[in-house]
Protein chains: 2
Amino acid sequence: MGGCCIYSGNYLIPPHDEKLTEYKVTMKAIEWLNDRVRIIDQALLPLEEKYIELKDYLSVARAIKDMNVRGAPAIGVAAAFGIALGVKDNKTSDYSKFLVEFNKVADTMAATRPTAVNLFKTVDRMKKLAATIEDVPQLKKLLVDEAIKIHMEEIESTLKISRFGSELIKDGFAILTHCNAGPLATAGYGTALGIMIYAHEHGKKISVFADETRPRCQGAKLTVWELQQANVPVKLITDNMAGYLMHSGKVNCVIVGADRIARNGDTANKIGTYSVAVLAKENNIPFYVAAPTSTIDTSIATGDEIIIEERNAEEVTHINGVRIASEGTEVINPAFDVTPHRYITAIITEKGIIRKPYKEGFGI
Amino acid sequence: MGGCCIYSGNYLIPPHDEKLTEYKVTMKAIEWLNDRVRIIDQALLPLEEKYIELKDYLSVARAIKDMNVRGAPAIGVAAAFGIALGVKDNKTSDYSKFLVEFNKVADTMAATRPTAVNLFKTVDRMKKLAATIEDVPQLKKLLVDEAIKIHMEEIESTLKISRFGSELIKDGFAILTHCNAGPLATAGYGTALGIMIYAHEHGKKISVFADETRPRCQGAKLTVWELQQANVPVKLITDNMAGYLMHSGKVNCVIVGADRIARNGDTANKIGTYSVAVLAKENNIPFYVAAPTSTIDTSIATGDEIIIEERNAEEVTHINGVRIASEGTEVINPAFDVTPHRYITAIITEKGIIRKPYKEGFGI
């Protein structure tokens, strides 16, 4: 944990960041309450702000499956807490019997979603820990502590990104962002949004333009809501307005998150990110990517190796379940695109701000 | 009318374009049926294809007001037909009394919408004609013929644009368009869409990517439907996918319409057009504007003089009446943007294809 933060009750206390108090309290994506897990129901946001208390591991598994909690890091944290609840409810003191029940819980969590890497990393990590010690009472405590540690690591990593990134933000900046890279998705301070919230909490007068981010509208639904929670001034725009605002001189920088980064810095992120990057370059506006170094996929040299997921047509022909286009309309629906590294001014990680050439900056 | 077309019953017969038959029959935005006007209810498209028969001028006025018919040229044609119905129902043979009733009808049509220039041009033209001859039976015939002529002029102008533009389209082209510049809006062949339909009808194997065009989704609702009617292969995309497709080498050219063109070629069009133009330039893809020369505003030197209309917040926070963003969300909602002439490869008008420098090409 690096000695940076103290986990006290429900909230994280970063000792050198007293100014973060207000934001901390509103950041309730997921909380460990010793005998239960409290999450905000992301499926209902922003129209309804409802919290769900999950009292056993099966309830946590269902919440992940039903996408009440979403975002790869948040899913990882939820899985850790789900395992912790399973551990607490595990009444045997026999190590072998304990392990049988423990593995059942861990495997249930792993089966909730097919693609979130953080989920499998979490389950592996908890399983490895369970193999290290046979004293059941001591192991149970260690496993619960490990779940909390996983959550804190997410918070610390995003907090570091937020600190480094905020150095790039000047007083009065208007920042444009695309999709959602905030506290909800990261179960921490957020990456792109973390930077904005951190800058705001430390007295910089900033404002944000949030692309609605069709087709799923994560910008309209989650980014706007999260910034409102943190009292950061935000205006919602449709995706096709970003260029107009840049050309009108109303945007000082762009910050987005990332789904995967190649060795050369090419970055896969939500569909539309490439367009925002090109428009930023054309208008001489810095374009920053904020992501933990765990997002860097050292197995791929360039973005050309990233396969673009094609999603279902209804996301485009419908909006919130309401049909827009005629029956039988064909669509293209790539979930993300790749922004070539030449459009990226810098990549903001928990280790610092990395500039071109990225391969050298990543130390790989 | 230039001797190009013959108005026969409901449909236009262009003598040198037998191949247009199929398309002609499906193009039913507005029709003159001698004692009534038939329009497709654009407010219900594409989910419902309902035709409305308007039997008197007041019904036509209501249809324009309620936006059952929309698009500046289509409104102009509807107003002309509304006046023609009023003329037919005018039973007096006394010229002075005829004029009193005629002016009442014309003024009612002029009051339906505040900003459509075509509407006022049409009313002025009909009024001027009414002042030229005192023989009421002869005048009535002339006025009805003039209304039909106005419609045919729109059809011919857009047909010429379509012909000129299709010279730029090669077999196998994938064309990207933004918003809607088709038969519905123009009461003719369309401008941007007219070119695509014309190329398709003349045997070129083309396909189209239609931007949905948030916030009002004219692309998803009208462009896709119109191209489907004309059997042109079309795929719907969200606005933020256009750049991805261009960067992937899947787009051969872009064609859009125009709301207003300055003397230097700077073009105001639906919000998002500027972004599409920048993305086309970055990917070396030709970007064409298709518009009649009447769209050129010779009173303004550059696009800087064009004031951008800001529309209501609900268009952004809601989609088809369904709320997306939280209550109290602030938005920016410019209705259009200006694409500087340097991004425009050519402007396709009824007089021919005009290239840079536009001022010289426009002959002004």
# chains A, B, ... in the order shown; residues from 1 in each chain; ligands from 1
>>> residues_around(residues="stretch 141-149 of chain B", least_positions_apart="6", cutoff="6 Å", atoms="only C-alpha atoms", output="list of chain:residue names")
B:Ala80, B:Phe81, B:Ala84
>>> interface_residues(of="chain A", to="chain B", cutoff="7 Å", atoms="only C-alpha atoms", output="number ranges by chain")
A: 46-47, 214-215, 220-221, 225, 235-241, 243-244, 271-272, 274-275, 278-279, 316, 319, 324-326, 330-333, 337
>>> write_last_selection(atoms="N, CA, C and O atoms", output="compact mmCIF listing (two decimals), in the first residue's frame")
# COMPACT_ATOMS: atom_id res chain seq x y z
N PRO A 46 -28.15 7.84 -14.32
CA PRO A 46 -28.18 8.85 -13.26
C PRO A 46 -29.60 9.14 -12.78
O PRO A 46 -29.79 9.98 -11.92
N LEU A 47 -30.58 8.43 -13.34
CA LEU A 47 -31.96 8.80 -13.05
C LEU A 47 -32.37 8.40 -11.64
O LEU A 47 -33.26 9.00 -11.04
N ARG A 214 -22.23 8.06 -27.54
CA ARG A 214 -23.07 7.04 -28.13
C ARG A 214 -22.19 5.86 -28.51
O ARG A 214 -21.01 6.02 -28.76
N PRO A 215 -22.71 4.62 -28.57
CA PRO A 215 -24.13 4.33 -28.41
C PRO A 215 -24.64 4.15 -26.98
O PRO A 215 -25.83 4.29 -26.75
N ALA A 220 -23.07 10.79 -20.95
CA ALA A 220 -24.29 11.46 -20.50
C ALA A 220 -24.76 10.89 -19.17
O ALA A 220 -25.25 11.60 -18.30
N LYS A 221 -24.62 9.57 -19.04
CA LYS A 221 -25.18 8.92 -17.86
C LYS A 221 -24.25 8.95 -16.65
O LYS A 221 -24.69 9.18 -15.53
N TRP A 225 -22.83 12.74 -14.20
CA TRP A 225 -23.27 12.49 -12.83
C TRP A 225 -22.09 12.52 -11.86
O TRP A 225 -22.16 13.14 -10.79
N LYS A 235 -20.57 20.42 -18.66
CA LYS A 235 -21.62 20.56 -19.66
C LYS A 235 -21.61 19.35 -20.56
O LYS A 235 -20.57 18.91 -21.02
N LEU A 236 -22.80 18.84 -20.82
CA LEU A 236 -22.97 17.68 -21.69
C LEU A 236 -23.09 18.14 -23.14
O LEU A 236 -23.78 19.11 -23.43
N ILE A 237 -22.39 17.44 -24.02
CA ILE A 237 -22.53 17.72 -25.46
C ILE A 237 -22.72 16.39 -26.20
O ILE A 237 -22.34 15.33 -25.69
N THR A 238 -23.27 16.47 -27.40
CA THR A 238 -23.30 15.27 -28.23
C THR A 238 -21.90 15.12 -28.83
O THR A 238 -21.14 16.09 -28.94
N ASP A 239 -21.56 13.90 -29.22
CA ASP A 239 -20.20 13.62 -29.69
C ASP A 239 -19.78 14.53 -30.84
O ASP A 239 -18.62 14.92 -30.94
N ASN A 240 -20.74 14.85 -31.72
CA ASN A 240 -20.39 15.63 -32.91
C ASN A 240 -20.20 17.13 -32.63
O ASN A 240 -19.95 17.89 -33.56
N MET A 241 -20.32 17.54 -31.36
CA MET A 241 -20.09 18.95 -31.01
C MET A 241 -18.66 19.21 -30.56
O MET A 241 -18.24 20.37 -30.44
N GLY A 243 -15.72 18.81 -31.95
CA GLY A 243 -14.90 19.51 -32.93
C GLY A 243 -15.24 20.99 -33.01
O GLY A 243 -14.36 21.85 -33.07
N TYR A 244 -16.53 21.29 -33.00
CA TYR A 244 -16.99 22.68 -33.04
C TYR A 244 -16.44 23.47 -31.86
O TYR A 244 -15.94 24.59 -32.01
N ILE A 271 -15.06 3.88 -28.70
CA ILE A 271 -15.28 4.40 -30.06
C ILE A 271 -15.50 5.92 -30.01
O ILE A 271 -16.24 6.42 -29.17
N GLY A 272 -14.82 6.61 -30.91
CA GLY A 272 -14.93 8.06 -30.96
C GLY A 272 -13.69 8.77 -30.43
O GLY A 272 -13.48 9.95 -30.70
N TYR A 274 -10.55 8.24 -31.25
CA TYR A 274 -9.68 8.60 -32.37
C TYR A 274 -10.10 9.94 -32.99
O TYR A 274 -9.27 10.81 -33.25
N SER A 275 -11.40 10.10 -33.21
CA SER A 275 -11.90 11.34 -33.82
C SER A 275 -11.57 12.55 -32.94
O SER A 275 -11.16 13.60 -33.44
N VAL A 278 -7.88 13.40 -33.37
CA VAL A 278 -7.57 14.08 -34.65
C VAL A 278 -8.01 15.54 -34.57
O VAL A 278 -7.27 16.45 -34.98
N LEU A 279 -9.20 15.77 -34.04
CA LEU A 279 -9.71 17.14 -33.93
C LEU A 279 -8.85 17.97 -32.99
O LEU A 279 -8.64 19.17 -33.23
N VAL A 316 -27.25 0.73 -31.49
CA VAL A 316 -27.27 1.88 -32.41
C VAL A 316 -28.69 2.23 -32.85
O VAL A 316 -29.06 3.40 -32.90
N ILE A 319 -32.10 3.78 -28.45
CA ILE A 319 -31.44 4.54 -27.40
C ILE A 319 -32.26 4.34 -26.14
O ILE A 319 -33.46 4.63 -26.13
N ILE A 324 -35.04 4.08 -32.71
CA ILE A 324 -34.85 5.33 -33.45
C ILE A 324 -34.93 5.05 -34.95
O ILE A 324 -35.58 5.78 -35.68
N ALA A 325 -34.23 4.03 -35.41
CA ALA A 325 -34.15 3.73 -36.84
C ALA A 325 -35.19 2.68 -37.22
O ALA A 325 -35.70 1.95 -36.36
N SER A 326 -35.47 2.59 -38.52
CA SER A 326 -36.50 1.67 -38.97
C SER A 326 -36.07 0.21 -38.78
O SER A 326 -34.88 -0.09 -38.68
N GLU A 330 -29.39 -1.83 -41.05
CA GLU A 330 -28.07 -2.40 -40.79
C GLU A 330 -27.19 -1.36 -40.12
O GLU A 330 -27.31 -0.17 -40.40
N VAL A 331 -26.29 -1.82 -39.26
CA VAL A 331 -25.41 -0.88 -38.57
C VAL A 331 -23.97 -1.41 -38.56
O VAL A 331 -23.73 -2.58 -38.87
N ILE A 332 -23.07 -0.51 -38.23
CA ILE A 332 -21.72 -0.88 -37.82
C ILE A 332 -21.66 -0.49 -36.36
O ILE A 332 -22.15 0.58 -35.99
N ASN A 333 -21.11 -1.33 -35.49
CA ASN A 333 -21.05 -0.95 -34.08
C ASN A 333 -19.75 -1.40 -33.41
O ASN A 333 -19.75 -2.25 -32.53
N ASP A 337 -11.99 2.19 -30.71
CA ASP A 337 -11.11 2.44 -31.83
C ASP A 337 -9.69 2.65 -31.29
O ASP A 337 -9.49 2.69 -30.08
>>> select_by_dssp(residues="stretch 71-199 of chain A", states="alpha helix (DSSP H)", output="PyMOL selection string")
chain A and resi 72-88+95-110+117-130+136-166+183-186+192-199
>>> closest_residue(among="A:Ile306, A:Ile30, A:Ala187, A:Ile161", to="A:Ile354", atoms="only C-alpha atoms")
A:Ile161
>>> residues_around(residues="A:Ser93", least_positions_apart="3", cutoff="10 Å", atoms="only C-alpha atoms", output="list in words")
Asn90, Ser96, Lys97, Phe98, Glu134, Asp135, Val136, Pro137 and Lys140 of chain A
>>> write_last_selection(atoms="all heavy atoms", output="PDB file, in the first residue's frame")
ATOM      1  N   ASN A  90     -17.596 -18.659   6.101  1.00  0.00           N
ATOM      2  CA  ASN A  90     -17.017 -20.001   6.095  1.00  0.00           C
ATOM      3  C   ASN A  90     -16.742 -20.403   7.551  1.00  0.00           C
ATOM      4  O   ASN A  90     -15.830 -19.878   8.197  1.00  0.00           O
ATOM      5  CB  ASN A  90     -15.712 -19.948   5.284  1.00  0.00           C
ATOM      6  CG  ASN A  90     -15.212 -21.329   4.903  1.00  0.00           C
ATOM      7  OD1 ASN A  90     -15.463 -22.306   5.616  1.00  0.00           O
ATOM      8  ND2 ASN A  90     -14.492 -21.400   3.793  1.00  0.00           N
ATOM      9  N   SER A  96      -8.611 -27.959   5.110  1.00  0.00           N
ATOM     10  CA  SER A  96      -9.030 -28.627   3.872  1.00  0.00           C
ATOM     11  C   SER A  96     -10.480 -28.299   3.528  1.00  0.00           C
ATOM     12  O   SER A  96     -10.810 -27.955   2.389  1.00  0.00           O
ATOM     13  CB  SER A  96      -8.888 -30.141   3.994  1.00  0.00           C
ATOM     14  OG  SER A  96      -7.569 -30.463   4.294  1.00  0.00           O
ATOM     15  N   LYS A  97     -11.339 -28.421   4.542  1.00  0.00           N
ATOM     16  CA  LYS A  97     -12.753 -28.112   4.309  1.00  0.00           C
ATOM     17  C   LYS A  97     -12.930 -26.634   3.969  1.00  0.00           C
ATOM     18  O   LYS A  97     -13.754 -26.256   3.126  1.00  0.00           O
ATOM     19  CB  LYS A  97     -13.588 -28.476   5.546  1.00  0.00           C
ATOM     20  CG  LYS A  97     -13.754 -29.980   5.735  1.00  0.00           C
ATOM     21  CD  LYS A  97     -14.626 -30.267   6.958  1.00  0.00           C
ATOM     22  CE  LYS A  97     -14.659 -31.769   7.246  1.00  0.00           C
ATOM     23  NZ  LYS A  97     -15.173 -32.050   8.607  1.00  0.00           N
ATOM     24  N   PHE A  98     -12.148 -25.806   4.648  1.00  0.00           N
ATOM     25  CA  PHE A  98     -12.191 -24.359   4.378  1.00  0.00           C
ATOM     26  C   PHE A  98     -11.872 -24.094   2.907  1.00  0.00           C
ATOM     27  O   PHE A  98     -12.551 -23.333   2.231  1.00  0.00           O
ATOM     28  CB  PHE A  98     -11.184 -23.621   5.277  1.00  0.00           C
ATOM     29  CG  PHE A  98     -11.119 -22.136   5.006  1.00  0.00           C
ATOM     30  CD1 PHE A  98     -11.980 -21.243   5.647  1.00  0.00           C
ATOM     31  CD2 PHE A  98     -10.195 -21.617   4.095  1.00  0.00           C
ATOM     32  CE1 PHE A  98     -11.925 -19.879   5.372  1.00  0.00           C
ATOM     33  CE2 PHE A  98     -10.143 -20.255   3.813  1.00  0.00           C
ATOM     34  CZ  PHE A  98     -11.011 -19.386   4.451  1.00  0.00           C
ATOM     35  N   GLU A 134      -2.068 -22.387   6.790  1.00  0.00           N
ATOM     36  CA  GLU A 134      -3.109 -23.367   7.108  1.00  0.00           C
ATOM     37  C   GLU A 134      -3.901 -23.021   8.363  1.00  0.00           C
ATOM     38  O   GLU A 134      -4.870 -23.674   8.698  1.00  0.00           O
ATOM     39  CB  GLU A 134      -2.478 -24.758   7.222  1.00  0.00           C
ATOM     40  CG  GLU A 134      -1.866 -25.201   5.906  1.00  0.00           C
ATOM     41  CD  GLU A 134      -1.550 -26.695   5.866  1.00  0.00           C
ATOM     42  OE1 GLU A 134      -1.920 -27.421   6.822  1.00  0.00           O
ATOM     43  OE2 GLU A 134      -0.939 -27.138   4.864  1.00  0.00           O
ATOM     44  N   ASP A 135      -3.459 -21.992   9.083  1.00  0.00           N
ATOM     45  CA  ASP A 135      -4.176 -21.547  10.284  1.00  0.00           C
ATOM     46  C   ASP A 135      -5.414 -20.784   9.832  1.00  0.00           C
ATOM     47  O   ASP A 135      -5.333 -19.642   9.362  1.00  0.00           O
ATOM     48  CB  ASP A 135      -3.240 -20.648  11.111  1.00  0.00           C
ATOM     49  CG  ASP A 135      -3.895 -20.124  12.378  1.00  0.00           C
ATOM     50  OD1 ASP A 135      -5.110 -19.774  12.328  1.00  0.00           O
ATOM     51  OD2 ASP A 135      -3.206 -20.023  13.395  1.00  0.00           O
ATOM     52  N   VAL A 136      -6.584 -21.434   9.964  1.00  0.00           N
ATOM     53  CA  VAL A 136      -7.805 -20.865   9.372  1.00  0.00           C
ATOM     54  C   VAL A 136      -8.187 -19.493   9.927  1.00  0.00           C
ATOM     55  O   VAL A 136      -8.440 -18.563   9.148  1.00  0.00           O
ATOM     56  CB  VAL A 136      -8.978 -21.876   9.447  1.00  0.00           C
ATOM     57  CG1 VAL A 136     -10.292 -21.218   9.019  1.00  0.00           C
ATOM     58  CG2 VAL A 136      -8.688 -23.080   8.550  1.00  0.00           C
ATOM     59  N   PRO A 137      -8.237 -19.307  11.252  1.00  0.00           N
ATOM     60  CA  PRO A 137      -8.612 -17.962  11.743  1.00  0.00           C
ATOM     61  C   PRO A 137      -7.666 -16.872  11.221  1.00  0.00           C
ATOM     62  O   PRO A 137      -8.104 -15.801  10.803  1.00  0.00           O
ATOM     63  CB  PRO A 137      -8.500 -18.101  13.257  1.00  0.00           C
ATOM     64  CG  PRO A 137      -8.661 -19.558  13.521  1.00  0.00           C
ATOM     65  CD  PRO A 137      -8.045 -20.261  12.343  1.00  0.00           C
ATOM     66  N   LYS A 140      -8.302 -16.329   7.456  1.00  0.00           N
ATOM     67  CA  LYS A 140      -9.525 -15.565   7.193  1.00  0.00           C
ATOM     68  C   LYS A 140      -9.257 -14.071   7.323  1.00  0.00           C
ATOM     69  O   LYS A 140      -9.668 -13.264   6.473  1.00  0.00           O
ATOM     70  CB  LYS A 140     -10.640 -15.997   8.161  1.00  0.00           C
ATOM     71  CG  LYS A 140     -11.242 -17.360   7.802  1.00  0.00           C
ATOM     72  CD  LYS A 140     -12.241 -17.853   8.844  1.00  0.00           C
ATOM     73  CE  LYS A 140     -13.591 -17.170   8.733  1.00  0.00           C
ATOM     74  NZ  LYS A 140     -14.619 -17.863   9.540  1.00  0.00           N
TER      75      LYS A 140
END
>>> atom_distance(atom1="atom CA of B:Lys205", atom2="atom CA of B:Gly165")
15.2 Å
>>> select_by_dssp(residues="stretch 109-289 of chain B", states="strand (DSSP E or B)", output="ChimeraX atom specification")
/B:174-177,207-211,234-237,253-256,260-261,267-270,287-289
>>> write_last_selection(atoms="N, CA and C atoms", output="CSV table (one decimal), in the first residue's frame")
chain,number,residue,atom,x,y,z
B,174,ALA,N,-17.8,3.7,-51.2
B,174,ALA,CA,-18.5,3.8,-50.0
B,174,ALA,C,-18.5,5.3,-49.6
B,175,ILE,N,-19.7,5.8,-49.5
B,175,ILE,CA,-19.9,7.2,-49.3
B,175,ILE,C,-20.4,7.5,-47.9
B,176,LEU,N,-19.8,8.4,-47.2
B,176,LEU,CA,-20.3,8.8,-45.8
B,176,LEU,C,-21.1,10.1,-45.9
B,177,THR,N,-22.2,10.2,-45.2
B,177,THR,CA,-23.0,11.4,-45.2
B,177,THR,C,-23.4,11.7,-43.8
B,207,SER,N,-22.3,2.1,-51.7
B,207,SER,CA,-22.9,1.9,-50.4
B,207,SER,C,-22.7,3.1,-49.5
B,208,VAL,N,-23.5,3.3,-48.5
B,208,VAL,CA,-23.5,4.6,-47.8
B,208,VAL,C,-23.4,4.3,-46.3
B,209,PHE,N,-22.6,5.1,-45.6
B,209,PHE,CA,-22.6,5.1,-44.1
B,209,PHE,C,-23.3,6.4,-43.7
B,210,ALA,N,-24.4,6.3,-42.9
B,210,ALA,CA,-25.2,7.4,-42.5
B,210,ALA,C,-24.9,7.7,-41.0
B,211,ASP,N,-24.4,8.9,-40.8
B,211,ASP,CA,-24.2,9.3,-39.4
B,211,ASP,C,-25.6,9.5,-38.8
B,234,VAL,N,-27.3,0.9,-47.2
B,234,VAL,CA,-26.9,1.9,-46.2
B,234,VAL,C,-26.7,1.3,-44.9
B,235,LYS,N,-25.7,1.7,-44.2
B,235,LYS,CA,-25.5,1.3,-42.8
B,235,LYS,C,-25.5,2.5,-41.9
B,236,LEU,N,-26.2,2.4,-40.8
B,236,LEU,CA,-26.3,3.5,-39.8
B,236,LEU,C,-25.1,3.4,-38.8
B,237,ILE,N,-24.5,4.5,-38.5
B,237,ILE,CA,-23.5,4.6,-37.5
B,237,ILE,C,-23.7,5.7,-36.6
B,253,CYS,N,-15.5,8.7,-50.1
B,253,CYS,CA,-15.7,10.1,-50.1
B,253,CYS,C,-16.9,10.5,-49.2
B,254,VAL,N,-16.9,11.8,-48.8
B,254,VAL,CA,-18.0,12.3,-48.0
B,254,VAL,C,-18.8,13.3,-48.8
B,255,ILE,N,-20.1,13.2,-48.7
B,255,ILE,CA,-21.0,14.2,-49.3
B,255,ILE,C,-22.0,14.6,-48.3
B,256,VAL,N,-22.1,16.0,-48.1
B,256,VAL,CA,-23.1,16.5,-47.2
B,256,VAL,C,-23.9,17.6,-47.9
B,260,ARG,N,-26.0,27.2,-45.5
B,260,ARG,CA,-25.7,28.5,-46.0
B,260,ARG,C,-24.2,28.4,-46.4
B,261,ILE,N,-23.9,29.1,-47.5
B,261,ILE,CA,-22.5,29.1,-48.0
B,261,ILE,C,-22.0,30.5,-48.2
B,267,THR,N,-18.8,26.8,-45.3
B,267,THR,CA,-20.2,26.3,-45.3
B,267,THR,C,-20.8,25.9,-44.0
B,268,ALA,N,-21.9,26.5,-43.7
B,268,ALA,CA,-22.7,26.2,-42.5
B,268,ALA,C,-23.6,25.0,-42.8
B,269,ASN,N,-23.5,24.0,-41.9
B,269,ASN,CA,-24.4,22.8,-42.1
B,269,ASN,C,-24.6,22.2,-40.7
B,270,LYS,N,-25.4,21.2,-40.6
B,270,LYS,CA,-25.7,20.6,-39.3
B,270,LYS,C,-24.5,20.3,-38.4
B,287,PHE,N,-14.0,15.6,-49.6
B,287,PHE,CA,-15.2,16.0,-48.9
B,287,PHE,C,-16.0,17.0,-49.7
B,288,TYR,N,-17.2,16.6,-50.1
B,288,TYR,CA,-18.0,17.4,-51.1
B,288,TYR,C,-19.2,18.0,-50.4
B,289,VAL,N,-19.6,19.2,-50.7
B,289,VAL,CA,-20.8,19.8,-50.3
B,289,VAL,C,-21.7,19.9,-51.5
>>> atom_distance(atom1="atom CA of A:Glu309", atom2="atom CA of A:Thr295")
17.3 Å
>>> closest_residue(among="B:Arg163, B:Glu226, B:Glu101, B:Arg125", to="B:Glu49", atoms="only C-alpha atoms")
B:Glu226
>>> residues_around(residues="B:Thr302", least_positions_apart="2", cutoff="10 Å", atoms="only C-alpha atoms", output="ChimeraX atom specification")
/B:261-267,297-300,304-306,338,340-341
>>> atom_distance(atom1="atom CA of A:Leu119", atom2="atom CA of A:Met67")
13.6 Å
